[in-house]
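Participant: First the structure, which I've put down as structure tokens, then a few questions once you've had a look.
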Amino acid sequence: MDFAETTVADLRDSIARGETSARVTAESSLDAAEKLNDSLNAFLEIDRDGAVNRADEIDSKIVSQKAAGEKSALPALSGVPIAIKDNICVRGMQTSCGSRILGPYHPPYNATAIERLLDAGAIIIGKTNCDEFAMGSSNENSAFGPVKNPWDTSRVPGGSSGGSAAAVAAGIVPVALGSDTGGSVRQPASLCGVIGLKPTYGRVSRYGLVAFGSSLDQIGVFARNASDAAAVLQVIAGRDHHDATTADVAVPDYSRELEPEIKGQRIGVSRALLGEGLDREVRASIETAINAYRDLGAEIVDVDLPHAKYAIAVYYIIATAEASSNLARYDGVRYGFRAEEAPALRDMYRKTRDEGFGPEVKRRIMLGTYVLSAGYYDAHYLKAQKVRTLIRQDFLQAFEKCDAVLTPTSPTPAFRFGEKVDDPLAMYLNDVYTVTANLAGVPGISVPCGLSSEGLPIGMQLLGPYWSEATLLRLAHAYQEKNPLGARPKIHA
Ligand code: GLN
């Protein structure tokens, strides 16, 4: 079954009409996941039995509804295969967060987003590989080996949700969930040539998402087209009493809002962001995309985001500070892994954390502990919080002049394994365009907008005001309809 040829709404409809079945769909997705995992390493667990059982339940529900002459519509994602990043809790499956320290953990509950997907009839195929605790931009920080980019397996898929991005790009599943703390949905989406949506902070419940930077984390969606991203967001968005930071803001009908024209929409471009450090071919693709929006009737306006240049510094203070406190709970007592031969309690904590965490996670815990420590707190953490407010105000001002801001998603196309892994600063600079959205809490989407001369995907990012996911999806949809990528990765189902 070729998921590239259909939308999830059409797939659900053809399952409902009996033209195909949930079972056939699930098996084709599972077969592809198993077959391609040797070359991609995108999945850490594939749940054949669970997926087939759920698909059978859906098929028998359809049969009995038909027999009873019932016309009630099937839930929106009935029979749609989906992959889930391995830092989101799914009952009955592992949650490793790409780390050894969890043992792995088998959560006794579902994340709220998972509960809602299951209610909507989605079929969870497996858990996807990621950078350890979602810290990274290349997937090289997974304890279980890196995910390979399906366009070129000598290159990274991006991170940290690289497994979910690769699984969608390779056509193993039509849609997947990831998490985005500083770009971990948008950046791998860009490097793998798919759509990646990070909702407004508070749009999707974080209950059951393993915490990294709690004031930044948000579950996001990977899809091949805007309409599929809209269908998944529709299901997972909205208030949840398990997460006090979810907002009581009405969830629009995203699919319906895809269609209106984008004529007259104002797209903001900050020329200062298109300068230093940006790859020549990425810049050219962004210029072409800006012109494409002009052709679609959008108005291009200049905007200024004067504090964006501080975003990397601010993000790597705030994210590490929150990580150091969130990760304090992994002590060898409450979760899976415990180091052997530790004579006393303190040794056990120390050895467990030393053996259980990888180098990047340790670096972040140390950085975060340092910026929060007495004597340094004001100089680093407090100052970073103040600049965070300025970054947020930049966006509020920009959105007085435009409906969305357009930037590159990543400064370069997918880089090679090993190219940046020994140089943390070079790796962190990869996030220069994505971290601002998390610091400000605004939504962002990455949309494929071209290929490099080496045939690697390039992505553009659209950022909008709070709760403007419908606008972002509409802008993405209008662009993709007229400007399809027109190529597929070398490795695909
Ligand atoms: N690459 C960023 C980091 O390493 C973003 C991670 C994320 O969004 N989870 O922190």
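Identifiers in this document derive from the order of the structure tokens: chains are assigned A, B, ..., residues are numbered from 1 separately in each chain, and ligands are numbered from 1 in order of occurrence.
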Considering only C-alpha atoms, return as an MDAnalysis selection string whatever protein or nucleic-acid residues lie within 12 Å of A:Arg256, sequence-local ones (same chain, fewer than 6 positions apart) excluded.
Facilitator: chainID A and resid 226:227 230:231 234 470:471 473:474 477
Participant: Using only C-alpha atoms, find each residue of stretch 285-348 of chain A with at least one atom at most 7 Å away from an atom of stretch 392-406 of chain A; report its shortest atom-to-atom pair and that distance in Å (one decimal), sort the rows by chain and rising residue number, and return the result as JSON lines.
Facilitator:
{"residue": "A:Val303", "atom": "CA", "partner": "A:Ala398", "partner_atom": "CA", "distance": 5.8}
{"residue": "A:Asp304", "atom": "CA", "partner": "A:Ala398", "partner_atom": "CA", "distance": 6.8}
{"residue": "A:Leu305", "atom": "CA", "partner": "A:Asp394", "partner_atom": "CA", "distance": 5.3}
{"residue": "A:Pro306", "atom": "CA", "partner": "A:Asp394", "partner_atom": "CA", "distance": 7.0}
Participant: How close does chain A get to ligand 1? List, as CSV, each residue of chain A within 7 Å, its nearest atom pair and the distance in Å to one decimal, counting only C-alpha atoms and all ligand atoms.
Facilitator:
residue,atom,partner,partner_atom_place_in_ligand_line,distance
A:Ala134,CA,ligand 1,9 (N),4.2
A:Met135,CA,ligand 1,4 (O),4.0
A:Gly136,CA,ligand 1,4 (O),3.4
A:Ser137,CA,ligand 1,1 (N),4.1
A:Gly159,CA,ligand 1,1 (N),6.1
A:Ser160,CA,ligand 1,9 (N),5.5
A:Ser179,CA,ligand 1,9 (N),6.1
A:Asp180,CA,ligand 1,8 (O),3.9
A:Thr181,CA,ligand 1,8 (O),3.4
A:Gly182,CA,ligand 1,8 (O),3.6
A:Gly183,CA,ligand 1,8 (O),4.2
A:Ser184,CA,ligand 1,8 (O),3.5
A:Val185,CA,ligand 1,8 (O),6.7
A:Ala319,CA,ligand 1,10 (O),6.9
A:Tyr428,CA,ligand 1,1 (N),6.5
A:Asp431,CA,ligand 1,1 (N),5.8
Participant: Counting only C-alpha atoms, which of A:Ala170, A:Ile318, A:Ala379, A:Leu233 gets nearest to A:Gly196?
Facilitator: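 Closest candidate: A:Leu233.
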Participant: Between A:Asn483, A:Ser285, A:Ser325, A:Ser452, which has the minimum distance to A:Ser373 (counting only C-alpha atoms)?
Facilitator: A:Ser325
Participant: Could you check which of A:Leu209, A:Ile300, A:Ala83, A:Leu77 is closest to A:Ala167, using only C-alpha atoms?
Facilitator: A:Ala83
Participant: Please identify the alpha helix (DSSP H) residues within stretch 127-246 of chain A (assignment by DSSP from backbone atoms) and present them as number ranges by chain.
Facilitator: A: 162-169, 186-192, 226-236
Participant: Quick one, how far is atom CA of A:Asp302 from atom CA of A:Ala437?
Facilitator: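 Atom CA of A:Ala437 lies at a distance of 18.5 Å from atom CA of A:Asp302.
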Participant: Taking 4 positions as the minimum chain separation for residues in the same chain, which residues sit within 7 Å of A:Gly356 when counting only C-alpha atoms? Answer as a PyMOL selection string.
Facilitator: chain A and resi 100-101+337+352
Participant: Restricting the calculation to only C-alpha atoms: of A:Lys61, A:Lys66, A:Arg116, A:Arg388, which residue gets closest to A:Ala308?
Facilitator: A:Arg388
Participant: Kindly provide the residues of stretch 324-380 of chain A that approach stretch 415-425 of chain A to within 12 Å, each paired with its closest atom pair and their distance in Å to one decimal, based on only C-alpha atoms, listed by chain and increasing number, as a tab-separated table.
Facilitator:
residue	atom	partner	partner_atom	distance
A:Pro359	CA	A:Asp422	CA	10.7
A:Glu360	CA	A:Pro424	CA	8.6
A:Val361	CA	A:Pro424	CA	11.8
A:Arg363	CA	A:Pro424	CA	9.5
A:Arg364	CA	A:Pro424	CA	10.7
Participant: Leaving out A:Ala120 and any residue of its chain fewer than 6 positions from it, which residues lie within 9 Å of it when counting only C-alpha atoms, given as an MDAnalysis selection string?
Facilitator: chainID A and resid 74:78 235
Participant: Export, as a PDB file, in the first residue's frame, the selected residues with all heavy atoms.
Facilitator:
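Written output follows (result-v4.pdb):
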ATOM      1  N   LEU A  74     -17.524   6.540  10.977  1.00  0.00           N
ATOM      2  CA  LEU A  74     -16.426   5.979  11.764  1.00  0.00           C
ATOM      3  C   LEU A  74     -15.545   7.117  12.280  1.00  0.00           C
ATOM      4  O   LEU A  74     -15.423   8.138  11.620  1.00  0.00           O
ATOM      5  CB  LEU A  74     -15.559   5.108  10.864  1.00  0.00           C
ATOM      6  CG  LEU A  74     -15.974   3.689  10.583  1.00  0.00           C
ATOM      7  CD1 LEU A  74     -14.906   3.050   9.701  1.00  0.00           C
ATOM      8  CD2 LEU A  74     -16.113   2.890  11.866  1.00  0.00           C
ATOM      9  N   PRO A  75     -14.895   6.919  13.425  1.00  0.00           N
ATOM     10  CA  PRO A  75     -13.989   7.956  13.913  1.00  0.00           C
ATOM     11  C   PRO A  75     -12.922   8.319  12.864  1.00  0.00           C
ATOM     12  O   PRO A  75     -12.597   7.513  11.981  1.00  0.00           O
ATOM     13  CB  PRO A  75     -13.350   7.322  15.140  1.00  0.00           C
ATOM     14  CG  PRO A  75     -14.277   6.245  15.558  1.00  0.00           C
ATOM     15  CD  PRO A  75     -14.998   5.789  14.339  1.00  0.00           C
ATOM     16  N   ALA A  76     -12.396   9.528  13.004  1.00  0.00           N
ATOM     17  CA  ALA A  76     -11.595  10.172  11.948  1.00  0.00           C
ATOM     18  C   ALA A  76     -10.353   9.407  11.494  1.00  0.00           C
ATOM     19  O   ALA A  76      -9.930   9.547  10.362  1.00  0.00           O
ATOM     20  CB  ALA A  76     -11.180  11.566  12.415  1.00  0.00           C
ATOM     21  N   LEU A  77      -9.737   8.648  12.399  1.00  0.00           N
ATOM     22  CA  LEU A  77      -8.482   8.000  12.004  1.00  0.00           C
ATOM     23  C   LEU A  77      -8.618   6.470  11.982  1.00  0.00           C
ATOM     24  O   LEU A  77      -7.617   5.755  12.111  1.00  0.00           O
ATOM     25  CB  LEU A  77      -7.353   8.425  12.956  1.00  0.00           C
ATOM     26  CG  LEU A  77      -7.044   9.930  13.018  1.00  0.00           C
ATOM     27  CD1 LEU A  77      -5.950  10.223  14.048  1.00  0.00           C
ATOM     28  CD2 LEU A  77      -6.620  10.471  11.649  1.00  0.00           C
ATOM     29  N   SER A  78      -9.840   5.988  11.799  1.00  0.00           N
ATOM     30  CA  SER A  78     -10.060   4.538  11.854  1.00  0.00           C
ATOM     31  C   SER A  78      -9.175   3.800  10.858  1.00  0.00           C
ATOM     32  O   SER A  78      -9.250   4.027   9.651  1.00  0.00           O
ATOM     33  CB  SER A  78     -11.524   4.208  11.556  1.00  0.00           C
ATOM     34  OG  SER A  78     -12.336   4.760  12.560  1.00  0.00           O
ATOM     35  N   VAL A 235      -7.473  15.666  16.315  1.00  0.00           N
ATOM     36  CA  VAL A 235      -7.758  14.627  17.310  1.00  0.00           C
ATOM     37  C   VAL A 235      -7.028  14.890  18.633  1.00  0.00           C
ATOM     38  O   VAL A 235      -7.582  14.718  19.714  1.00  0.00           O
ATOM     39  CB  VAL A 235      -7.357  13.243  16.726  1.00  0.00           C
ATOM     40  CG1 VAL A 235      -7.306  12.179  17.807  1.00  0.00           C
ATOM     41  CG2 VAL A 235      -8.320  12.850  15.610  1.00  0.00           C
TER      42      VAL A 235
END
